[in-house]
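Everything below belongs to entry.txt, which stores compact mmCIF, C-alpha atoms.
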```txt
# COMPACT_ATOMS: atom_id res chain seq x y z
CA MET U 113 0.00 0.00 0.00
CA LEU U 114 1.16 3.54 -0.83
CA LEU U 115 0.36 6.90 0.73
CA VAL U 116 1.27 10.06 -1.17
CA GLY U 117 0.95 13.04 1.13
CA ASN U 118 2.28 16.25 2.59
CA GLY U 119 1.24 18.32 -0.40
CA ARG U 120 -1.58 20.32 -1.95
CA LEU U 121 -3.85 17.62 -3.34
CA ILE U 122 -6.04 18.35 -6.37
CA THR U 123 -8.72 15.71 -6.91
CA ARG U 124 -10.32 16.78 -10.23
CA GLY U 125 -13.54 15.00 -11.12
CA GLU U 126 -17.09 15.92 -10.20
CA ASN U 127 -16.12 16.68 -6.59
CA HIS U 128 -13.13 18.77 -7.63
CA ARG U 129 -11.37 20.18 -4.60
CA LEU U 130 -7.96 21.17 -3.28
CA ILE U 131 -6.96 19.67 0.05
CA GLU U 132 -4.20 21.46 1.96
CA ASN U 133 -1.71 18.97 3.36
CA GLY U 134 -3.63 16.37 1.39
CA CYS U 135 -2.93 12.70 0.97
CA VAL U 136 -4.07 9.85 -1.29
CA ALA U 137 -3.97 6.15 -0.39
CA ALA U 138 -3.51 3.47 -3.04
CA ASP U 139 -3.85 -0.26 -2.55
CA GLN U 140 -2.43 -2.19 -5.51
CA ASP U 141 -3.89 -0.57 -8.65
CA ARG U 142 -6.74 1.44 -7.08
CA ILE U 143 -7.16 4.52 -4.94
CA ILE U 144 -8.88 3.62 -1.69
CA ALA U 145 -9.00 6.96 0.14
CA VAL U 146 -8.37 10.69 -0.17
CA GLY U 147 -8.04 13.05 2.79
CA THR U 148 -5.50 14.89 4.88
CA THR U 149 -2.06 13.49 5.54
CA GLU U 150 -2.77 13.28 9.26
CA GLU U 151 -5.98 11.29 8.71
CA LEU U 152 -4.60 8.79 6.24
CA ARG U 153 -1.33 8.18 8.07
CA ALA U 154 -3.37 7.40 11.17
CA ASN U 155 -5.68 5.08 9.22
CA TYR U 156 -2.90 3.28 7.35
CA PRO U 157 0.16 3.33 9.64
CA GLU U 158 1.88 0.42 7.86
CA ALA U 159 1.67 1.90 4.36
CA GLU U 160 4.75 3.14 2.48
CA PHE U 161 4.75 6.93 2.64
CA VAL U 162 5.77 9.01 -0.36
CA ASP U 163 6.48 12.57 0.75
CA ALA U 164 5.35 15.26 -1.69
CA HIS U 165 7.49 17.81 0.21
CA GLY U 166 4.80 20.47 -0.13
CA GLY U 167 4.33 19.97 -3.86
CA VAL U 168 1.11 19.47 -5.79
CA ILE U 169 -0.41 15.96 -5.78
CA MET U 170 -2.68 15.39 -8.76
CA PRO U 171 -3.97 12.72 -11.17
CA GLY U 172 -1.65 11.40 -13.85
CA LEU U 173 -1.98 13.17 -17.20
CA ILE U 174 -3.40 11.67 -20.40
CA ASN U 175 -2.09 12.29 -23.93
CA ALA U 176 -4.96 11.63 -26.34
CA HIS U 177 -2.90 11.66 -29.58
CA ASN U 178 0.82 10.94 -29.87
CA HIS U 179 3.26 9.57 -32.46
CA ILE U 180 5.96 7.39 -30.90
CA TYR U 181 7.46 6.73 -34.33
CA SER U 182 8.49 10.40 -34.60
CA ALA U 183 10.90 10.24 -31.66
CA PHE U 184 14.05 9.84 -33.76
CA ALA U 185 13.25 12.95 -35.82
CA ARG U 186 14.77 15.12 -33.11
CA GLY U 187 17.91 16.68 -34.62
CA LEU U 188 17.61 14.75 -37.90
CA SER U 189 18.57 16.49 -41.15
CA ILE U 190 17.34 14.67 -44.26
CA LYS U 191 19.33 15.25 -47.45
CA GLY U 192 17.37 17.21 -50.03
CA TYR U 193 14.49 17.92 -47.67
CA GLN U 194 13.16 21.39 -48.48
CA PRO U 195 9.41 21.38 -47.80
CA LYS U 196 7.16 24.04 -49.26
CA ASN U 197 3.86 22.85 -47.82
CA PHE U 198 2.26 20.26 -45.53
CA LEU U 199 2.30 17.47 -48.14
CA ASP U 200 6.03 18.04 -48.59
CA ILE U 201 6.45 17.71 -44.83
CA LEU U 202 4.53 14.45 -44.76
CA ASP U 203 6.32 12.81 -47.67
CA GLY U 204 9.75 14.36 -47.19
CA GLN U 205 10.03 13.83 -43.44
CA TRP U 206 7.46 11.66 -41.71
CA TRP U 207 6.83 9.10 -44.44
CA THR U 208 10.56 8.99 -45.18
CA ILE U 209 11.24 8.19 -41.54
CA ASP U 210 8.50 5.59 -41.16
CA ARG U 211 9.55 3.79 -44.38
CA HIS U 212 12.95 3.14 -42.79
CA LEU U 213 11.78 2.10 -39.31
CA THR U 214 12.65 -1.44 -38.28
CA LEU U 215 11.19 -3.20 -35.24
CA ALA U 216 14.39 -2.34 -33.36
CA ASP U 217 13.92 1.35 -34.21
CA THR U 218 10.29 1.20 -33.13
CA LYS U 219 11.15 -0.48 -29.82
CA MET U 220 13.73 2.16 -28.89
CA SER U 221 11.44 4.99 -30.02
CA ALA U 222 8.79 3.59 -27.70
CA LEU U 223 11.11 3.14 -24.73
CA THR U 224 12.43 6.70 -24.98
CA THR U 225 8.95 8.17 -25.49
CA TYR U 226 7.42 6.32 -22.54
CA LEU U 227 10.45 7.28 -20.44
CA ASP U 228 9.85 10.94 -21.28
CA CYS U 229 6.16 10.50 -20.46
CA ILE U 230 7.01 9.22 -16.98
CA ARG U 231 9.27 12.19 -16.42
CA CYS U 232 6.50 14.56 -17.57
CA GLY U 233 3.77 12.94 -15.46
CA VAL U 234 1.93 11.39 -18.42
CA THR U 235 0.53 8.07 -17.28
CA THR U 236 -1.75 7.19 -20.23
CA VAL U 237 -0.89 7.51 -23.93
CA PHE U 238 -3.06 7.07 -27.01
CA ASP U 239 -0.55 6.46 -29.80
CA HIS U 240 -0.95 6.43 -33.58
CA HIS U 241 1.91 4.42 -35.10
CA ALA U 242 3.46 4.08 -38.57
CA SER U 243 6.55 2.07 -39.57
CA TYR U 244 6.21 0.90 -43.14
CA GLY U 245 9.77 -0.41 -42.94
CA GLY U 246 8.59 -2.94 -40.35
CA ILE U 247 4.85 -3.45 -39.99
CA GLU U 248 4.30 -6.94 -38.59
CA GLY U 249 4.76 -7.01 -34.82
CA SER U 250 5.30 -3.26 -34.50
CA LEU U 251 2.36 -2.64 -32.15
CA PHE U 252 3.46 -5.59 -30.05
CA VAL U 253 6.99 -4.24 -29.54
CA ILE U 254 5.52 -0.85 -28.56
CA ALA U 255 3.22 -2.62 -26.11
CA ASP U 256 6.24 -4.51 -24.73
CA ALA U 257 8.01 -1.20 -24.14
CA ALA U 258 4.94 0.19 -22.40
CA LYS U 259 4.78 -2.89 -20.17
CA GLU U 260 8.50 -2.69 -19.38
CA LEU U 261 8.17 0.91 -18.21
CA GLY U 262 4.66 0.50 -16.80
CA VAL U 263 2.79 3.08 -18.87
CA ARG U 264 -0.91 2.68 -19.71
CA THR U 265 -1.35 2.85 -23.49
CA CYS U 266 -3.83 2.50 -26.35
CA LEU U 267 -2.22 1.70 -29.71
CA CYS U 268 -3.10 1.54 -33.38
CA TYR U 269 -1.27 1.23 -36.70
CA GLU U 270 -1.72 3.87 -39.40
CA VAL U 271 -3.36 2.12 -42.38
CA SER U 272 -2.67 3.90 -45.68
CA ASP U 273 -2.69 3.18 -49.41
CA ARG U 274 0.42 5.33 -49.91
CA ASP U 275 2.85 2.40 -50.07
CA GLY U 276 0.72 -0.05 -52.01
CA GLU U 277 -1.93 -2.69 -51.42
CA GLU U 278 0.33 -5.31 -49.85
CA LYS U 279 1.54 -3.01 -47.08
CA MET U 280 -1.94 -1.61 -46.60
CA LYS U 281 -3.28 -5.10 -45.95
CA ALA U 282 -0.35 -5.86 -43.61
CA ALA U 283 -1.21 -2.72 -41.65
CA VAL U 284 -4.87 -3.76 -41.34
CA LYS U 285 -3.76 -7.19 -40.12
CA GLU U 286 -1.39 -5.66 -37.54
CA ASN U 287 -4.26 -3.65 -36.11
CA ALA U 288 -6.61 -6.63 -36.08
CA ASP U 289 -4.04 -8.94 -34.47
CA PHE U 290 -3.21 -6.41 -31.79
CA ILE U 291 -6.86 -5.64 -31.02
CA ARG U 292 -7.54 -9.36 -30.53
CA SER U 293 -4.51 -9.64 -28.27
CA CYS U 294 -5.76 -6.75 -26.13
CA GLN U 295 -9.19 -8.31 -25.80
CA ASN U 296 -7.50 -11.26 -24.09
CA ASP U 297 -5.53 -8.98 -21.74
CA ASP U 298 -7.19 -8.25 -18.40
CA THR U 299 -4.55 -5.86 -17.03
CA ASP U 300 -6.38 -2.75 -18.31
CA MET U 301 -2.95 -1.41 -19.28
CA ARG U 302 -3.08 -1.84 -23.06
CA LYS U 303 -5.86 -1.39 -25.60
CA GLY U 304 -6.10 -1.39 -29.38
CA MET U 305 -7.86 0.62 -32.06
CA MET U 306 -8.00 0.44 -35.87
CA GLY U 307 -5.62 3.15 -37.05
CA LEU U 308 -6.18 5.09 -40.28
CA HIS U 309 -3.92 7.74 -41.78
CA ALA U 310 -6.24 10.26 -43.45
CA SER U 311 -9.02 10.36 -46.01
CA PHE U 312 -6.73 11.37 -48.89
CA THR U 313 -4.59 8.23 -48.59
CA LEU U 314 -7.50 5.82 -48.06
CA SER U 315 -9.79 4.45 -50.77
CA ASP U 316 -13.35 3.39 -50.08
CA SER U 317 -12.31 -0.25 -50.48
CA THR U 318 -9.57 0.20 -47.87
CA LEU U 319 -12.02 1.81 -45.46
CA ALA U 320 -14.36 -1.13 -46.02
CA LEU U 321 -11.54 -3.61 -45.29
CA CYS U 322 -10.68 -1.77 -42.09
CA ARG U 323 -14.30 -1.74 -41.02
CA GLU U 324 -14.63 -5.48 -41.69
CA ASN U 325 -11.60 -6.18 -39.50
CA THR U 326 -12.67 -3.99 -36.58
CA PRO U 327 -14.59 -5.80 -33.80
CA ASP U 328 -17.69 -4.34 -32.20
CA GLY U 329 -16.86 -1.93 -29.42
CA VAL U 330 -13.61 -0.82 -31.04
CA GLY U 331 -13.27 2.40 -33.00
CA PHE U 332 -10.90 4.11 -35.38
CA HIS U 333 -8.09 6.61 -34.83
CA ILE U 334 -7.67 8.87 -37.86
CA HIS U 335 -6.31 12.28 -38.90
CA VAL U 336 -9.10 14.48 -40.25
CA ALA U 337 -8.82 17.61 -42.41
CA GLU U 338 -5.41 18.41 -40.98
CA GLY U 339 -4.53 20.17 -44.23
CA MET U 340 -6.68 21.56 -47.04
CA ALA U 341 -5.27 18.87 -49.36
CA ASP U 342 -7.38 16.36 -47.42
CA VAL U 343 -10.51 18.44 -48.04
CA TYR U 344 -9.78 19.05 -51.73
CA ASP U 345 -9.06 15.36 -52.33
CA SER U 346 -12.35 14.29 -50.77
CA LEU U 347 -14.36 16.85 -52.72
CA LYS U 348 -12.66 16.02 -56.02
CA LYS U 349 -12.81 12.21 -55.73
CA TYR U 350 -16.03 11.69 -53.79
CA GLY U 351 -17.99 14.92 -54.07
CA LYS U 352 -18.23 15.35 -50.32
CA ARG U 353 -16.24 16.78 -47.43
CA VAL U 354 -14.03 14.60 -45.23
CA ILE U 355 -16.39 14.12 -42.27
CA ASN U 356 -19.32 13.38 -44.60
CA ARG U 357 -17.23 10.75 -46.37
CA LEU U 358 -16.09 9.10 -43.15
CA HIS U 359 -19.66 9.08 -41.88
CA ASP U 360 -20.90 7.45 -45.07
CA ASN U 361 -18.19 4.79 -44.68
CA GLY U 362 -19.12 3.94 -41.08
CA ILE U 363 -15.91 5.28 -39.53
CA LEU U 364 -17.37 7.75 -37.01
CA GLY U 365 -18.86 6.94 -33.62
CA SER U 366 -18.33 7.11 -29.87
CA GLN U 367 -15.22 4.88 -29.99
CA THR U 368 -13.52 6.81 -32.80
CA ILE U 369 -10.84 9.49 -32.35
CA THR U 370 -10.52 12.11 -35.07
CA GLY U 371 -7.26 14.01 -34.81
CA HIS U 372 -7.00 17.71 -35.67
CA CYS U 373 -10.31 18.50 -37.50
CA ILE U 374 -8.89 21.85 -38.60
CA HIS U 375 -10.78 22.44 -41.84
CA VAL U 376 -14.30 21.36 -40.88
CA ASN U 377 -17.50 23.33 -41.27
CA GLY U 378 -20.65 23.61 -39.19
CA ILE U 379 -22.41 20.68 -40.87
CA GLU U 380 -19.40 18.46 -40.20
CA MET U 381 -19.42 19.55 -36.57
CA ASP U 382 -23.09 18.57 -36.38
CA ILE U 383 -22.23 15.11 -37.72
CA LEU U 384 -19.41 14.71 -35.19
CA LYS U 385 -21.81 15.74 -32.44
CA GLU U 386 -24.61 13.41 -33.60
CA THR U 387 -22.22 10.45 -33.82
CA ASP U 388 -20.57 11.30 -30.46
CA THR U 389 -17.17 11.10 -32.18
CA MET U 390 -14.09 12.19 -30.22
CA ILE U 391 -11.82 14.99 -31.47
CA VAL U 392 -8.26 15.65 -30.32
CA HIS U 393 -6.63 19.06 -30.64
CA ASN U 394 -2.84 19.25 -31.22
CA PRO U 395 -1.92 22.94 -31.04
CA GLU U 396 1.87 22.88 -31.36
CA SER U 397 1.80 20.53 -34.32
CA ASN U 398 -0.80 22.64 -36.10
CA MET U 399 1.30 25.77 -35.67
CA GLY U 400 4.53 24.01 -36.55
CA ASN U 401 3.09 22.58 -39.77
CA ALA U 402 1.36 25.88 -40.58
CA VAL U 403 -1.89 24.08 -41.38
CA GLY U 404 -4.19 26.45 -39.53
CA CYS U 405 -6.04 26.77 -36.25
CA PRO U 406 -9.04 24.45 -35.83
CA PRO U 407 -12.42 25.79 -34.63
CA THR U 408 -11.81 23.95 -31.37
CA LEU U 409 -13.59 26.40 -29.12
CA GLU U 410 -16.63 26.43 -31.40
CA MET U 411 -16.70 22.63 -31.24
CA MET U 412 -16.67 22.73 -27.46
CA HIS U 413 -19.39 25.36 -27.35
CA ARG U 414 -21.48 23.01 -29.52
CA GLY U 415 -20.97 20.23 -26.97
CA LEU U 416 -18.47 18.09 -28.88
CA LEU U 417 -15.97 15.97 -26.93
CA VAL U 418 -12.58 17.58 -27.63
CA GLY U 419 -9.42 16.34 -25.94
CA LEU U 420 -5.80 17.47 -26.04
CA GLY U 421 -2.84 15.74 -27.63
CA THR U 422 0.71 16.45 -28.74
CA ASP U 423 0.94 14.73 -32.17
CA GLY U 424 4.49 13.72 -31.25
CA TYR U 425 5.61 17.33 -30.89
CA THR U 426 6.31 16.87 -27.19
CA ASN U 427 5.39 14.56 -24.32
CA ASP U 428 4.71 17.50 -21.99
CA MET U 429 0.97 18.03 -21.63
CA PHE U 430 1.47 21.21 -19.60
CA GLU U 431 3.35 22.61 -22.59
CA SER U 432 0.51 21.69 -24.94
CA MET U 433 -2.00 23.32 -22.59
CA LYS U 434 -0.01 26.58 -22.65
CA ALA U 435 0.30 26.46 -26.45
CA ALA U 436 -3.44 25.86 -26.90
CA ASN U 437 -4.30 28.73 -24.58
CA CYS U 438 -2.16 31.18 -26.55
CA LEU U 439 -3.07 29.84 -30.00
CA HIS U 440 -6.79 30.45 -29.67
CA LYS U 441 -6.36 33.89 -28.13
CA HIS U 442 -4.03 34.83 -30.97
CA ASN U 443 -6.19 33.28 -33.68
CA LEU U 444 -9.40 34.96 -32.49
CA CYS U 445 -7.67 38.20 -31.46
CA ASP U 446 -9.52 37.84 -28.19
CA PRO U 447 -7.64 37.64 -24.86
CA THR U 448 -10.77 36.50 -23.01
CA VAL U 449 -11.10 33.07 -24.65
CA ALA U 450 -9.67 29.62 -23.91
CA TRP U 451 -9.32 30.07 -20.14
CA GLY U 452 -11.91 27.41 -19.37
CA GLU U 453 -11.97 25.36 -22.54
CA VAL U 454 -8.30 24.37 -22.67
CA PRO U 455 -8.06 23.02 -19.09
CA GLN U 456 -11.34 21.21 -19.76
CA MET U 457 -9.73 19.46 -22.75
CA LEU U 458 -6.78 18.24 -20.72
CA PHE U 459 -8.22 17.51 -17.31
CA GLU U 460 -11.83 16.58 -18.03
CA ASN U 461 -12.26 15.54 -21.66
CA ASN U 462 -9.09 13.47 -21.87
CA ALA U 463 -10.40 11.52 -18.89
CA VAL U 464 -13.69 10.91 -20.73
CA ILE U 465 -11.74 9.74 -23.79
CA GLY U 466 -9.71 7.44 -21.57
CA ALA U 467 -12.90 6.00 -20.07
CA ARG U 468 -14.09 4.89 -23.51
CA TYR U 469 -11.24 2.40 -23.70
CA PHE U 470 -9.98 1.70 -20.19
CA SER U 471 -12.07 0.16 -17.43
CA LYS U 472 -10.49 2.00 -14.52
CA LYS U 473 -11.51 5.60 -13.96
CA LEU U 474 -8.69 7.90 -15.06
CA GLY U 475 -7.83 11.54 -14.48
CA VAL U 476 -9.20 11.81 -10.94
CA LEU U 477 -8.08 11.13 -7.38
CA GLU U 478 -11.04 9.46 -5.74
CA GLU U 479 -11.94 6.13 -4.23
CA GLY U 480 -12.04 3.38 -6.85
CA ALA U 481 -10.13 5.30 -9.52
CA ALA U 482 -6.89 4.08 -11.07
CA ALA U 483 -3.85 4.70 -8.88
CA ASP U 484 -2.26 7.03 -11.43
CA ILE U 485 -0.77 9.79 -9.28
CA ILE U 486 1.88 12.44 -9.89
CA VAL U 487 3.61 15.01 -7.71
CA VAL U 488 4.65 18.37 -9.16
CA ASP U 489 7.39 20.46 -7.53
CA TYR U 490 5.41 23.68 -7.28
CA ASP U 491 5.21 26.08 -4.36
CA PRO U 492 2.75 28.86 -5.27
CA LEU U 493 3.69 32.48 -4.77
CA THR U 494 0.01 33.50 -4.64
CA PRO U 495 -3.01 31.86 -2.95
CA MET U 496 -3.94 28.59 -4.60
CA HIS U 497 -7.33 26.89 -4.32
CA ALA U 498 -9.63 24.66 -6.36
CA ASP U 499 -11.09 27.55 -8.36
CA ASN U 500 -7.78 28.97 -9.55
CA CYS U 501 -5.49 25.93 -9.74
CA ASN U 502 -5.76 25.89 -13.55
CA GLY U 503 -4.18 29.34 -13.65
CA HIS U 504 -1.35 28.11 -11.46
CA MET U 505 -0.77 25.18 -13.79
CA LEU U 506 -0.96 27.33 -16.90
CA PHE U 507 1.61 29.85 -15.70
CA GLY U 508 3.60 27.93 -13.12
CA MET U 509 4.07 24.30 -14.16
CA MET U 510 5.91 22.37 -16.86
CA GLY U 511 6.50 18.69 -17.36
CA HIS U 512 10.03 18.89 -15.95
CA ASP U 513 8.52 20.01 -12.64
CA VAL U 514 7.08 16.52 -12.11
CA VAL U 515 9.12 14.74 -9.45
CA THR U 516 7.10 11.60 -8.71
CA THR U 517 5.04 9.41 -11.04
CA ILE U 518 2.90 6.46 -9.94
CA ILE U 519 1.09 4.38 -12.58
CA ASP U 520 -1.41 1.66 -11.71
CA GLY U 521 -0.21 1.82 -8.11
CA LYS U 522 3.48 1.32 -8.94
CA LEU U 523 6.21 3.88 -8.38
CA ARG U 524 7.91 4.62 -11.69
CA MET U 525 9.71 7.78 -10.56
CA LYS U 526 10.27 9.06 -7.04
CA ASP U 527 11.87 12.43 -6.27
CA ARG U 528 13.08 12.53 -9.90
CA GLU U 529 14.82 9.15 -9.58
CA LEU U 530 13.46 6.45 -11.89
CA VAL U 531 12.36 3.29 -10.08
CA GLY U 532 13.31 -0.02 -11.70
CA ILE U 533 14.16 1.75 -14.96
CA ASP U 534 17.69 2.37 -16.27
CA GLY U 535 17.11 5.66 -18.06
CA VAL U 536 20.80 6.17 -18.78
CA GLU U 537 21.04 2.85 -20.60
CA ILE U 538 17.82 3.43 -22.54
CA LEU U 539 18.98 6.81 -23.81
CA ALA U 540 22.46 5.50 -24.68
CA LYS U 541 20.98 2.67 -26.76
CA SER U 542 18.49 5.10 -28.26
CA ARG U 543 21.27 7.37 -29.53
CA GLU U 544 22.98 4.40 -31.17
CA GLN U 545 19.76 3.22 -32.77
CA ALA U 546 18.86 6.72 -33.97
CA ALA U 547 22.29 7.21 -35.54
CA ASP U 548 21.85 3.94 -37.40
CA LEU U 549 18.41 5.02 -38.64
CA TRP U 550 19.74 8.39 -39.77
CA SER U 551 22.52 6.73 -41.76
CA ARG U 552 20.00 4.49 -43.49
CA ILE U 553 17.73 7.43 -44.33
CA ASN U 554 20.59 9.47 -45.82
CA ALA U 555 22.43 6.58 -47.46
```
Show me the file's structure as structure tokens.
Amino acid sequence: MLLVGNGRLITRGENHRLIENGCVAADQDRIIAVGTTEELRANYPEAEFVDAHGGVIMPGLINAHNHIYSAFARGLSIKGYQPKNFLDILDGQWWTIDRHLTLADTKMSALTTYLDCIRCGVTTVFDHHASYGGIEGSLFVIADAAKELGVRTCLCYEVSDRDGEEKMKAAVKENADFIRSCQNDDTDMRKGMMGLHASFTLSDSTLALCRENTPDGVGFHIHVAEGMADVYDSLKKYGKRVINRLHDNGILGSQTITGHCIHVNGIEMDILKETDTMIVHNPESNMGNAVGCPPTLEMMHRGLLVGLGTDGYTNDMFESMKAANCLHKHNLCDPTVAWGEVPQMLFENNAVIGARYFSKKLGVLEEGAAADIIVVDYDPLTPMHADNCNGHMLFGMMGHDVVTTIIDGKLRMKDRELVGIDGVEILAKSREQAADLWSRINA
């Protein structure tokens, strides 16, 4: 049994509150009590005590859209790569990388990404993978890395027609095999989805094949209208916009995640709302790729479920929250917006997205919820309470401020020291593997 106390505890959830000198008790993989440090230490005197040293105790963070396969892009210079637009970026960088990824590359990318997640307080990751240099078994090696480091994860493989029918079918099979494997796994630590790249690289026959190989209760994870090329392609080939096409092909629904949704109109938003489809906003990626700012706030005002992701840009969800807050103020030329919506994406909506795949309740410190707990080294210089804690997080916290990470009741990092994980060795091997990949890309 673990007690995490002696800090300002933020519960989140319906009974959101801040407890001064708060404490949370975890027995195995579940939270069994929340209260003051004095109360819980008296009630559970034999429990191992993790001292927050006055920091902020809060639920583990959830990343609703990541790309583990992009990890080795950091610092990479590809010969002849001079992109002029988003399609150039996709083909010249990301598809070039994924076409060279072996299973060994994928495994190290996953280990380093999950390691960074632990250090940033991210305890659950929804990942969208591509490695057309090594498809078969790729989701399984990522899942092995997640198990080794103890991170909760939901995986899918990016099906696409871009590299031919044979590889497309192999990608569908990888998704289907992994989904079946997850259905026989009762740990509630790994789940599978049917991954799709984007409308403009998927024919109707491919969408039908994906649908046929997706069990009931499992949805799709797809990029939607990230660039205008996706919209133009759908209009030219099918005479309809992207969301309309996906709806007609049975891709939308309460178990489906649509990433980005930048270039969508009001009718498409209505369809997303009617189908209860999930949307994930990735602000830094959208700015970095210069593809535009999505109507995220309008979607939320219409009652759509919009979460927050990083799209592989970072593993720091605090960073993404800051970027989203500034992006929408800048885009709308209105300093009054995004104060409530952006924290809702990260702290409330990501938890709802997590609940659609994982059995344990995520994103909250309350009895019965998953024992996913982090401690942030933050000592406020102004009064801090439940009503203004989002402002403190927005302006006072970053991922590197996380000092302790507990996932499913197990300590993975304590006082910035990794527990049972050799981070030095992982990063050393990662550098070797990345150098090998780079040489293959530029050969």
Check: So, counting all atoms listed in the file, which residue among U:Thr448, U:Ile485, U:Thr494, U:Ile230 is closest to U:Val162?
Finding: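 Looking at the shortest contact to U:Val162, the residue is U:Ile485.
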Listed atoms of stretch 123-132 of chain U, axis-aligned box, 5 Å per side: centre and edge lengths to one decimal in Å, as AutoDock Vina command-line options?
```
--center_x -10.6 --center_y 18.2 --center_z -4.6 --size_x 22.9 --size_y 16.5 --size_z 23.1
```
Note to self: So the first atom is atom CA of U:Gly421 and the second is atom CA of U:Glu396; what is the distance between them in Å, to one decimal place?
What the structure shows: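 It comes out at 9.3 Å.
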Next item on the list: Might you pull out every residue within 7 Å of stretch 215-223 of chain U, with all atoms listed in the file counted and same-chain residues fewer than 5 positions away left off, and present them as an MDAnalysis selection string?
Entry: chainID U and resid 180:181 183:184 246 250 253:254 257 542 545
Notebook entry, point to check: For the atom pair atom CA of U:Ile122 and atom CA of U:Arg302, what is the interatomic distance in Å to one decimal place?
Noted result: 26.4 Å
Next item on the list: Quote the spacing between atom CA of U:Ala137 and atom CA of U:Ala483 in Å to one decimal place.
Entry: 8.6 Å
Checklist line | Contacts of U:His393 within 9 Å, all atoms listed in the file, excl. fewer than 3 positions in-chain, as an MDAnalysis selection string | finding: chainID U and resid 176:177 371:374 398 406 408 418:423 436 457
Excluding U:Thr516 and its own-chain neighbours fewer than 6 positions away, which residues fall within 12 Å of it when counting only C-alpha atoms? Please give them as a tab-separated table (two decimals) with C-alpha atoms, in the coordinates of the input.
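The file below, result04.tsv, is the result:
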```
chain	number	residue	atom	x	y	z
U	116	VAL	CA	1.27	10.06	-1.17
U	117	GLY	CA	0.95	13.04	1.13
U	162	VAL	CA	5.77	9.01	-0.36
U	163	ASP	CA	6.48	12.57	0.75
U	164	ALA	CA	5.35	15.26	-1.69
U	165	HIS	CA	7.49	17.81	0.21
U	167	GLY	CA	4.33	19.97	-3.86
U	168	VAL	CA	1.11	19.47	-5.79
U	169	ILE	CA	-0.41	15.96	-5.78
U	170	MET	CA	-2.68	15.39	-8.76
U	171	PRO	CA	-3.97	12.72	-11.17
U	172	GLY	CA	-1.65	11.40	-13.85
U	229	CYS	CA	6.16	10.50	-20.46
U	230	ILE	CA	7.01	9.22	-16.98
U	231	ARG	CA	9.27	12.19	-16.42
U	232	CYS	CA	6.50	14.56	-17.57
U	233	GLY	CA	3.77	12.94	-15.46
U	234	VAL	CA	1.93	11.39	-18.42
U	235	THR	CA	0.53	8.07	-17.28
U	484	ASP	CA	-2.26	7.03	-11.43
U	485	ILE	CA	-0.77	9.79	-9.28
U	486	ILE	CA	1.88	12.44	-9.89
U	487	VAL	CA	3.61	15.01	-7.71
U	488	VAL	CA	4.65	18.37	-9.16
U	489	ASP	CA	7.39	20.46	-7.53
U	522	LYS	CA	3.48	1.32	-8.94
U	523	LEU	CA	6.21	3.88	-8.38
U	524	ARG	CA	7.91	4.62	-11.69
U	525	MET	CA	9.71	7.78	-10.56
U	526	LYS	CA	10.27	9.06	-7.04
U	527	ASP	CA	11.87	12.43	-6.27
U	528	ARG	CA	13.08	12.53	-9.90
U	529	GLU	CA	14.82	9.15	-9.58
U	530	LEU	CA	13.46	6.45	-11.89
U	531	VAL	CA	12.36	3.29	-10.08
```
Next item on the list: Would you list the contacts of U:His497 as a PyMOL selection string, taking every protein, DNA or RNA residue within 12 Å and counting all atoms listed in the file, but skipping same-chain residues closer than 6 positions in sequence?
Entry: chain U and resi 120-123+128-132+168+503-505
Next item on the list: Using all atoms listed in the file, pick whichever of U:Val536, U:Leu261, U:Ala320, U:Leu314 has the shortest atom-to-atom distance to U:Lys349.
Entry: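 Of the candidates, the smallest distance to U:Lys349 is held by U:Leu314.
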Item checked: Residue contacts of U:Ile383 (8 Å, only C-alpha atoms) excluding same-chain residues fewer than 5 positions away, as a PyMOL selection string -> chain U and resi 355-356+359
